[in-house]
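Asker: One file: data_33.txt (compact mmCIF, C-alpha atoms).
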# COMPACT_ATOMS: atom_id res chain seq x y z
CA MET Y 11 -24.93 8.67 30.98
CA ALA Y 12 -28.17 6.95 30.00
CA SER Y 13 -30.28 9.79 31.39
CA SER Y 14 -28.47 12.33 29.24
CA LEU Y 15 -29.29 10.30 26.14
CA SER Y 16 -33.01 9.88 26.64
CA GLY Y 17 -33.83 12.67 24.23
CA VAL Y 18 -31.60 11.49 21.42
CA SER Y 19 -33.39 10.48 18.25
CA VAL Y 20 -32.36 7.80 15.85
CA ALA Y 21 -30.58 9.07 12.75
CA ASN Y 22 -30.70 6.76 9.76
CA PRO Y 23 -28.29 8.19 7.19
CA PRO Y 24 -24.53 8.30 7.75
CA SER Y 25 -24.87 12.08 7.99
CA GLY Y 26 -26.42 11.37 11.36
CA LEU Y 27 -22.88 11.02 12.69
CA TRP Y 28 -22.45 14.74 12.12
CA VAL Y 29 -25.81 15.49 13.73
CA HIS Y 30 -24.72 13.50 16.78
CA ARG Y 31 -21.08 14.62 16.67
CA SER Y 32 -21.04 15.68 20.33
CA LEU Y 33 -22.38 12.28 21.35
CA LEU Y 34 -19.88 10.58 19.07
CA TRP Y 35 -17.02 12.52 20.65
CA GLN Y 36 -18.32 11.70 24.14
CA PHE Y 37 -18.35 7.97 23.42
CA THR Y 38 -14.99 8.12 21.66
CA LEU Y 39 -13.36 9.62 24.75
CA ARG Y 40 -15.17 7.10 26.92
CA ASN Y 41 -13.70 4.24 24.89
CA VAL Y 42 -10.20 5.70 25.22
CA GLU Y 43 -10.60 6.09 28.97
CA LEU Y 44 -12.07 2.61 29.48
CA ARG Y 45 -9.09 1.03 27.76
CA HIS Y 46 -6.78 2.26 30.52
CA LYS Y 47 -9.27 2.26 33.40
CA GLY Y 48 -7.73 1.00 36.63
CA SER Y 49 -4.11 1.44 35.56
CA HIS Y 50 -1.91 3.81 37.55
CA LEU Y 51 -0.61 5.71 34.54
CA GLY Y 52 -4.00 5.90 32.80
CA LEU Y 53 -3.93 7.76 29.49
CA ILE Y 54 -0.15 8.08 29.67
CA TRP Y 55 -0.07 4.51 28.35
CA SER Y 56 -1.48 5.84 25.06
CA PHE Y 57 1.88 7.55 24.56
CA LEU Y 58 4.13 5.15 26.45
CA SER Y 59 3.00 1.90 24.80
CA PRO Y 60 3.77 2.91 21.19
CA LEU Y 61 7.02 4.55 22.34
CA LEU Y 62 8.16 1.29 23.95
CA LEU Y 63 7.09 -0.64 20.86
CA LEU Y 64 9.06 1.73 18.64
CA ALA Y 65 12.20 1.13 20.71
CA LEU Y 66 11.59 -2.63 20.60
CA TYR Y 67 11.12 -2.71 16.82
CA VAL Y 68 14.24 -0.64 16.24
CA PHE Y 69 16.30 -3.02 18.37
CA VAL Y 70 14.85 -6.38 17.25
CA PHE Y 71 14.14 -5.83 13.57
CA GLY Y 72 16.69 -3.14 12.84
CA PHE Y 73 19.74 -4.47 14.69
CA ILE Y 74 19.18 -8.16 15.51
CA PHE Y 75 17.47 -9.37 12.31
CA GLU Y 76 19.11 -6.72 10.14
CA GLY Y 77 16.01 -6.59 7.96
CA THR Y 78 15.61 -4.42 4.89
CA PHE Y 79 12.97 -3.23 2.44
CA GLY Y 80 15.63 -3.00 -0.26
CA ARG Y 81 15.54 0.79 -0.62
CA PRO Y 82 18.67 2.72 -1.68
CA GLY Y 83 20.54 4.05 1.34
CA GLU Y 84 18.14 2.33 3.76
CA THR Y 85 19.41 1.97 7.32
CA ARG Y 86 18.38 -0.49 10.00
CA ILE Y 87 16.49 2.27 11.75
CA ASP Y 88 14.65 3.08 8.51
CA TYR Y 89 13.60 -0.56 8.29
CA ALA Y 90 12.36 -0.55 11.88
CA LEU Y 91 10.42 2.68 11.28
CA GLY Y 92 8.89 1.13 8.17
CA ILE Y 93 7.72 -1.87 10.18
CA PHE Y 94 6.32 0.33 12.94
CA LEU Y 95 4.44 2.42 10.38
CA GLY Y 96 2.92 -0.68 8.83
CA LEU Y 97 2.03 -2.18 12.19
CA SER Y 98 0.42 1.06 13.36
CA LEU Y 99 -1.94 1.01 10.38
CA PHE Y 100 -2.60 -2.68 10.90
CA HIS Y 101 -3.31 -2.23 14.61
CA PHE Y 102 -5.92 0.39 13.76
CA LEU Y 103 -7.76 -1.96 11.41
CA GLY Y 104 -7.11 -5.09 13.47
CA GLU Y 105 -8.35 -3.38 16.62
CA THR Y 106 -11.50 -2.28 14.80
CA ILE Y 107 -12.19 -5.77 13.47
CA GLY Y 108 -11.47 -7.37 16.85
CA GLN Y 109 -13.81 -5.11 18.83
CA ALA Y 110 -16.64 -4.94 16.31
CA PRO Y 111 -18.47 -8.25 17.02
CA ALA Y 112 -19.36 -7.22 20.59
CA LEU Y 113 -20.08 -3.52 20.07
CA ILE Y 114 -23.85 -3.99 19.98
CA THR Y 115 -24.23 -7.14 22.06
CA SER Y 116 -22.28 -5.60 24.95
CA ASN Y 117 -24.61 -2.58 25.07
CA PRO Y 118 -28.14 -4.08 25.23
CA ASN Y 119 -29.48 -1.15 27.27
CA PHE Y 120 -28.90 1.23 24.39
CA VAL Y 121 -30.76 -1.17 22.09
CA LYS Y 122 -33.75 -1.93 24.31
CA LYS Y 123 -34.36 0.90 26.74
CA VAL Y 124 -33.11 4.11 25.17
CA VAL Y 125 -33.92 5.86 21.91
CA PHE Y 126 -30.33 5.93 20.76
CA PRO Y 127 -28.48 6.32 17.43
CA LEU Y 128 -26.85 2.91 17.47
CA GLN Y 129 -24.56 3.73 14.54
CA VAL Y 130 -22.61 5.90 16.97
CA LEU Y 131 -21.30 2.88 18.92
CA PRO Y 132 -19.19 1.40 16.07
CA ALA Y 133 -18.16 4.90 14.95
CA ALA Y 134 -16.96 5.77 18.47
CA ALA Y 135 -14.88 2.58 18.62
CA VAL Y 136 -13.26 3.56 15.32
CA GLY Y 137 -12.71 7.08 16.66
CA ALA Y 138 -10.89 5.75 19.72
CA SER Y 139 -8.68 3.59 17.50
CA LEU Y 140 -7.94 6.64 15.34
CA ILE Y 141 -6.77 8.56 18.40
CA HIS Y 142 -4.29 5.81 19.25
CA LEU Y 143 -3.22 5.66 15.61
CA ALA Y 144 -2.60 9.42 15.62
CA ILE Y 145 -0.37 9.04 18.69
CA SER Y 146 1.63 6.24 17.06
CA LEU Y 147 1.99 8.20 13.84
CA GLY Y 148 3.20 11.23 15.79
CA LEU Y 149 5.96 9.11 17.31
CA ILE Y 150 6.84 7.66 13.90
CA LEU Y 151 7.10 11.10 12.34
CA ALA Y 152 9.29 12.23 15.23
CA GLY Y 153 11.50 9.19 14.70
CA ILE Y 154 11.76 9.88 10.95
CA ALA Y 155 12.67 13.49 11.68
CA LEU Y 156 15.23 12.76 14.41
CA VAL Y 157 16.92 9.48 13.46
CA GLY Y 158 15.49 8.66 10.03
CA PRO Y 159 15.79 10.28 6.61
CA GLY Y 160 13.99 13.43 7.77
CA LEU Y 161 10.54 14.76 6.99
CA SER Y 162 9.56 16.09 3.60
CA ALA Y 163 6.48 17.61 1.99
CA GLY Y 164 5.31 14.04 1.40
CA VAL Y 165 4.01 13.97 4.97
CA LEU Y 166 1.12 16.12 3.74
CA TRP Y 167 -0.15 13.08 1.84
CA LEU Y 168 -0.65 11.14 5.06
CA PRO Y 169 -4.16 12.47 5.87
CA VAL Y 170 -5.18 11.81 2.26
CA ILE Y 171 -4.05 8.19 2.61
CA LEU Y 172 -5.60 7.69 6.04
CA LEU Y 173 -9.07 8.98 5.11
CA PRO Y 174 -10.09 5.94 3.02
CA LEU Y 175 -8.54 3.65 5.65
CA ALA Y 176 -10.76 5.30 8.28
CA LEU Y 177 -13.78 4.84 6.00
CA LEU Y 178 -12.83 1.19 5.59
CA GLY Y 179 -12.61 0.73 9.36
CA LEU Y 180 -15.96 2.47 9.86
CA GLY Y 181 -17.68 0.30 7.26
CA LEU Y 182 -16.22 -2.89 8.72
CA ALA Y 183 -17.24 -1.83 12.24
CA TRP Y 184 -20.84 -1.27 11.13
CA LEU Y 185 -20.93 -4.52 9.16
CA ILE Y 186 -19.30 -6.81 11.72
CA SER Y 187 -21.10 -5.31 14.73
CA ALA Y 188 -24.46 -5.87 13.02
CA LEU Y 189 -23.61 -9.43 12.02
CA GLY Y 190 -22.25 -10.08 15.52
CA VAL Y 191 -25.74 -9.70 16.96
CA PHE Y 192 -26.99 -12.69 14.98
CA PHE Y 193 -23.83 -14.78 14.52
CA ARG Y 194 -21.85 -14.93 17.76
CA ASP Y 195 -19.16 -17.11 16.17
CA ILE Y 196 -18.06 -14.19 14.04
CA ALA Y 197 -15.70 -13.10 16.84
CA GLN Y 198 -13.65 -16.26 16.29
CA ILE Y 199 -13.57 -15.68 12.54
CA THR Y 200 -12.39 -12.09 12.86
CA GLN Y 201 -9.41 -13.18 14.97
CA PHE Y 202 -8.17 -15.39 12.16
CA VAL Y 203 -8.95 -12.74 9.54
CA SER Y 204 -6.99 -10.14 11.51
CA ILE Y 205 -3.86 -12.32 11.68
CA GLY Y 206 -4.12 -13.20 8.00
CA LEU Y 207 -4.54 -9.54 7.13
CA MET Y 208 -1.30 -8.64 8.89
CA PHE Y 209 0.77 -11.17 6.94
CA ALA Y 210 -0.96 -10.28 3.66
CA SER Y 211 -0.20 -6.56 3.96
CA ALA Y 212 3.58 -6.39 3.52
CA VAL Y 213 4.11 -5.16 7.07
CA PHE Y 214 7.39 -7.03 7.56
CA TYR Y 215 8.58 -7.48 4.00
CA PRO Y 216 8.86 -5.46 0.78
CA VAL Y 217 5.94 -5.70 -1.60
CA GLU Y 218 8.35 -6.78 -4.34
CA LYS Y 219 8.64 -10.19 -2.65
CA ILE Y 220 4.97 -10.97 -3.29
CA PRO Y 221 4.68 -13.57 -6.09
CA ALA Y 222 2.94 -12.39 -9.25
CA THR Y 223 0.06 -14.84 -8.79
CA ALA Y 224 -0.59 -13.61 -5.24
CA TRP Y 225 -0.25 -9.96 -6.31
CA THR Y 226 -3.19 -10.51 -8.69
CA PHE Y 227 -5.39 -10.59 -5.59
CA LEU Y 228 -3.35 -8.70 -3.00
CA GLN Y 229 -3.20 -5.55 -5.12
CA PHE Y 230 -6.79 -5.00 -3.96
CA ASN Y 231 -5.89 -5.41 -0.28
CA PRO Y 232 -6.65 -1.90 1.04
CA LEU Y 233 -4.38 -2.23 4.07
CA LEU Y 234 -1.43 -3.25 1.89
CA LEU Y 235 -2.09 -0.26 -0.37
CA ALA Y 236 -2.31 2.10 2.61
CA VAL Y 237 0.93 0.73 4.10
CA GLU Y 238 2.86 1.06 0.84
CA LEU Y 239 1.49 4.52 0.06
CA SER Y 240 2.29 5.76 3.57
CA ARG Y 241 5.85 4.46 3.44
CA ASP Y 242 6.40 5.98 0.01
CA ALA Y 243 5.08 9.36 1.15
CA VAL Y 244 6.68 9.85 4.57
CA LEU Y 245 9.61 7.42 4.79
CA TRP Y 246 11.01 6.77 1.32
CA GLN Y 247 9.97 10.21 0.01
CA GLU Y 248 8.91 8.77 -3.33
CA ALA Y 249 6.09 9.73 -5.70
CA LEU Y 250 2.78 8.04 -4.95
CA GLU Y 251 1.15 5.50 -7.20
CA TYR Y 252 -2.11 7.34 -7.89
CA ARG Y 253 -3.82 4.25 -9.25
CA HIS Y 254 -3.30 2.53 -5.91
CA LEU Y 255 -4.63 5.60 -4.11
CA GLY Y 256 -7.72 5.53 -6.34
CA VAL Y 257 -8.31 1.84 -5.60
CA LEU Y 258 -7.91 2.53 -1.88
CA TYR Y 259 -10.52 5.30 -2.00
CA ALA Y 260 -12.93 3.19 -4.05
CA ILE Y 261 -12.72 0.30 -1.59
CA GLY Y 262 -13.01 2.59 1.44
CA VAL Y 263 -16.13 4.35 0.15
CA LEU Y 264 -17.80 1.12 -1.00
CA VAL Y 265 -17.16 -0.69 2.29
CA ALA Y 266 -18.38 2.29 4.33
CA ALA Y 267 -21.57 2.57 2.29
CA GLY Y 268 -22.15 -1.19 2.24
CA GLY Y 269 -21.40 -1.61 5.94
CA PHE Y 270 -23.86 1.10 6.90
CA ALA Y 271 -26.52 -0.33 4.57
CA VAL Y 272 -26.27 -3.73 6.27
CA PHE Y 273 -26.26 -2.12 9.73
CA HIS Y 274 -29.33 -0.02 8.93
CA ARG Y 275 -31.14 -3.03 7.43
CA LEU Y 276 -30.51 -5.29 10.44
CA LYS Y 277 -30.89 -2.68 13.19
CA PRO Y 278 -34.68 -3.10 13.68
CA ALA Y 279 -34.13 -6.73 14.68
CA PHE Y 280 -31.42 -6.06 17.27
CA ALA Y 281 -33.84 -5.66 20.16
CA ASP Y 282 -35.63 -8.95 19.38
CA VAL Y 283 -32.37 -10.92 19.35
CA LEU Y 284 -30.90 -9.30 22.45
When written as structure tokens, how does the structure in this file appear?
Answerer:
Amino acid sequence: MASSLSGVSVANPPSGLWVHRSLLWQFTLRNVELRHKGSHLGLIWSFLSPLLLLALYVFVFGFIFEGTFGRPGETRIDYALGIFLGLSLFHFLGETIGQAPALITSNPNFVKKVVFPLQVLPAAAVGASLIHLAISLGLILAGIALVGPGLSAGVLWLPVILLPLALLGLGLAWLISALGVFFRDIAQITQFVSIGLMFASAVFYPVEKIPATAWTFLQFNPLLLAVELSRDAVLWQEALEYRHLGVLYAIGVLVAAGGFAVFHRLKPAFADVL
């Protein structure tokens, strides 16, 4: 692959992702394939894994724990689907945060020997996570349609909600991958942050259970906002809170812009450190 990249020039602005879209797609598919390399079922696991998880969540949380989000007419299956929806969004962001510290350090050849648009590496990792998220969401929507409350026009809001979450993941990937070149301990920090993010995002419990003092801060948690907005749109079929959607977009855009600014600022020193 290195030989095919020798003529690629470095693109500084984020618009360079569009200029190098074919390269970005190539690396995205490579990341998806590498995840299942060596397994007998290969890419089939991209569909099978979330399907098995969906069945597990329905059984454990819906029937054993008899959990509820406190919605009128909510069934145990609805609760399990709500958890799976929240976990799918979390896994996208958690996966991005977990992989980011090593995205540059594990590819020193692209830094030292090849004229290469390094911003593509974090973007491709996010792209691969988005593909797995799309598969999980497809299964969730099928579950809502077949055994849940049924699909409504609210499902059309889902891409609108996911766009700022994707921008957030992209910005974090750029930021953490750049910092990971200079601070190798950041990988240990991101593991803790990822776990804390899951429990702070109302994945397993209704947002109404969050104490008022904690809500003062958690209302700016973009993952929590994305989880709640997604459930309201596709599962509970309720009107969206547009203020929360606005906050989600503001955070997503700011993190994407800030993450790229840090990445671009630190990029010239990557080769010296590696």
Asker: I'd like the contact shell of Ser204 in chain Y - 8 Å cut-off, only C-alpha atoms, skipping same-chain residues fewer than 4 positions apart - returned as a VMD selection string.
Answerer: chain Y and resid 104 107 to 108 200 208
Asker: Would you please work out which residue, of Y:Thr85, Y:Gln198, Y:Gln129, Y:Gln109, is nearest to Leu245 in chain Y when using all atoms listed in the file?
Answerer: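 Distance minimum relative to Leu245 in chain Y lands on Y:Thr85.
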Asker: Within 12 Å of (17.4, 4.2, 6.9) (file coordinates; only C-alpha atoms), which protein or nucleic acid residues are there? I'd like them as a VMD selection string.
Answerer: chain Y and resid 68 72 to 73 76 to 93 153 to 160 245 to 247
Asker: Just want the 10 Å neighbourhood of Leu173 in chain Y, counted on all atoms listed in the file, with same-chain residues fewer than 5 positions away dropped. Output as a ChimeraX atom specification.
Answerer: /Y:168,178-179,236,258-259,262-263
Asker: In Å, rounded to a single decimal, give me how far CA of Val165 in chain Y is from CA of Val244 in chain Y.
Answerer: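 Separation of CA of Val244 in chain Y and CA of Val165 in chain Y: 4.9 Å.
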Asker: Excluding same-chain residues fewer than 6 positions from Leu147 in chain Y, what lies within 12 Å of it counting only C-alpha atoms, as a PyMOL selection string?
Answerer: chain Y and resi 56-57+60-61+64+91-92+94-99+101-102+140-141+153-154+165+168-169+172+240-241+244-245
Asker: Quick one, how far is CA of Ala224 in chain Y from CA of Val170 in chain Y?
Answerer: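 CA of Val170 in chain Y lies at a distance of 26.9 Å from CA of Ala224 in chain Y.
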Asker: CA of Leu264 in chain Y and CA of Asn231 in chain Y are how many Å apart?
Answerer: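 Between these atoms lies a distance of 13.6 Å.
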Asker: Quick one: everything within 8 Å of Leu228 in chain Y, counting only C-alpha atoms, minus sequence neighbours fewer than 6 positions away in the same chain. Send it as an MDAnalysis selection string.
Answerer: chainID Y and resid 210:211 234
Asker: Using all atoms listed in the file, which residue out of Y:Val257, Y:Ile199, Y:Ala134, Y:Ile171 lies closest to Ser32 in chain Y?
Answerer: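 Of Y:Val257, Y:Ile199, Y:Ala134, Y:Ile171, the one nearest Ser32 in chain Y, counting all atoms listed in the file, is Y:Ala134.
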Asker: Can you tell me which residues surround Val265 in chain Y at a distance of at most 6 Å, considering only C-alpha atoms, apart from same-chain residues fewer than 4 positions away, and format the answer as number ranges by chain?
Answerer: Y: 178, 181, 261, 269
Asker: Pick out the closest residue to Leu177 in chain Y from this set: Y:Ile150, Y:Leu39, Y:Ala110, Y:Val136. Count only C-alpha atoms.
Answerer: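 Of Y:Ile150, Y:Leu39, Y:Ala110, Y:Val136, the one nearest Leu177 in chain Y, counting only C-alpha atoms, is Y:Val136.
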Asker: Measuring between only C-alpha atoms, which one of Y:Leu128, Y:Leu166, Y:Ala197, Y:Leu161 shows the shortest distance to Leu250 in chain Y?
Answerer: Y:Leu166
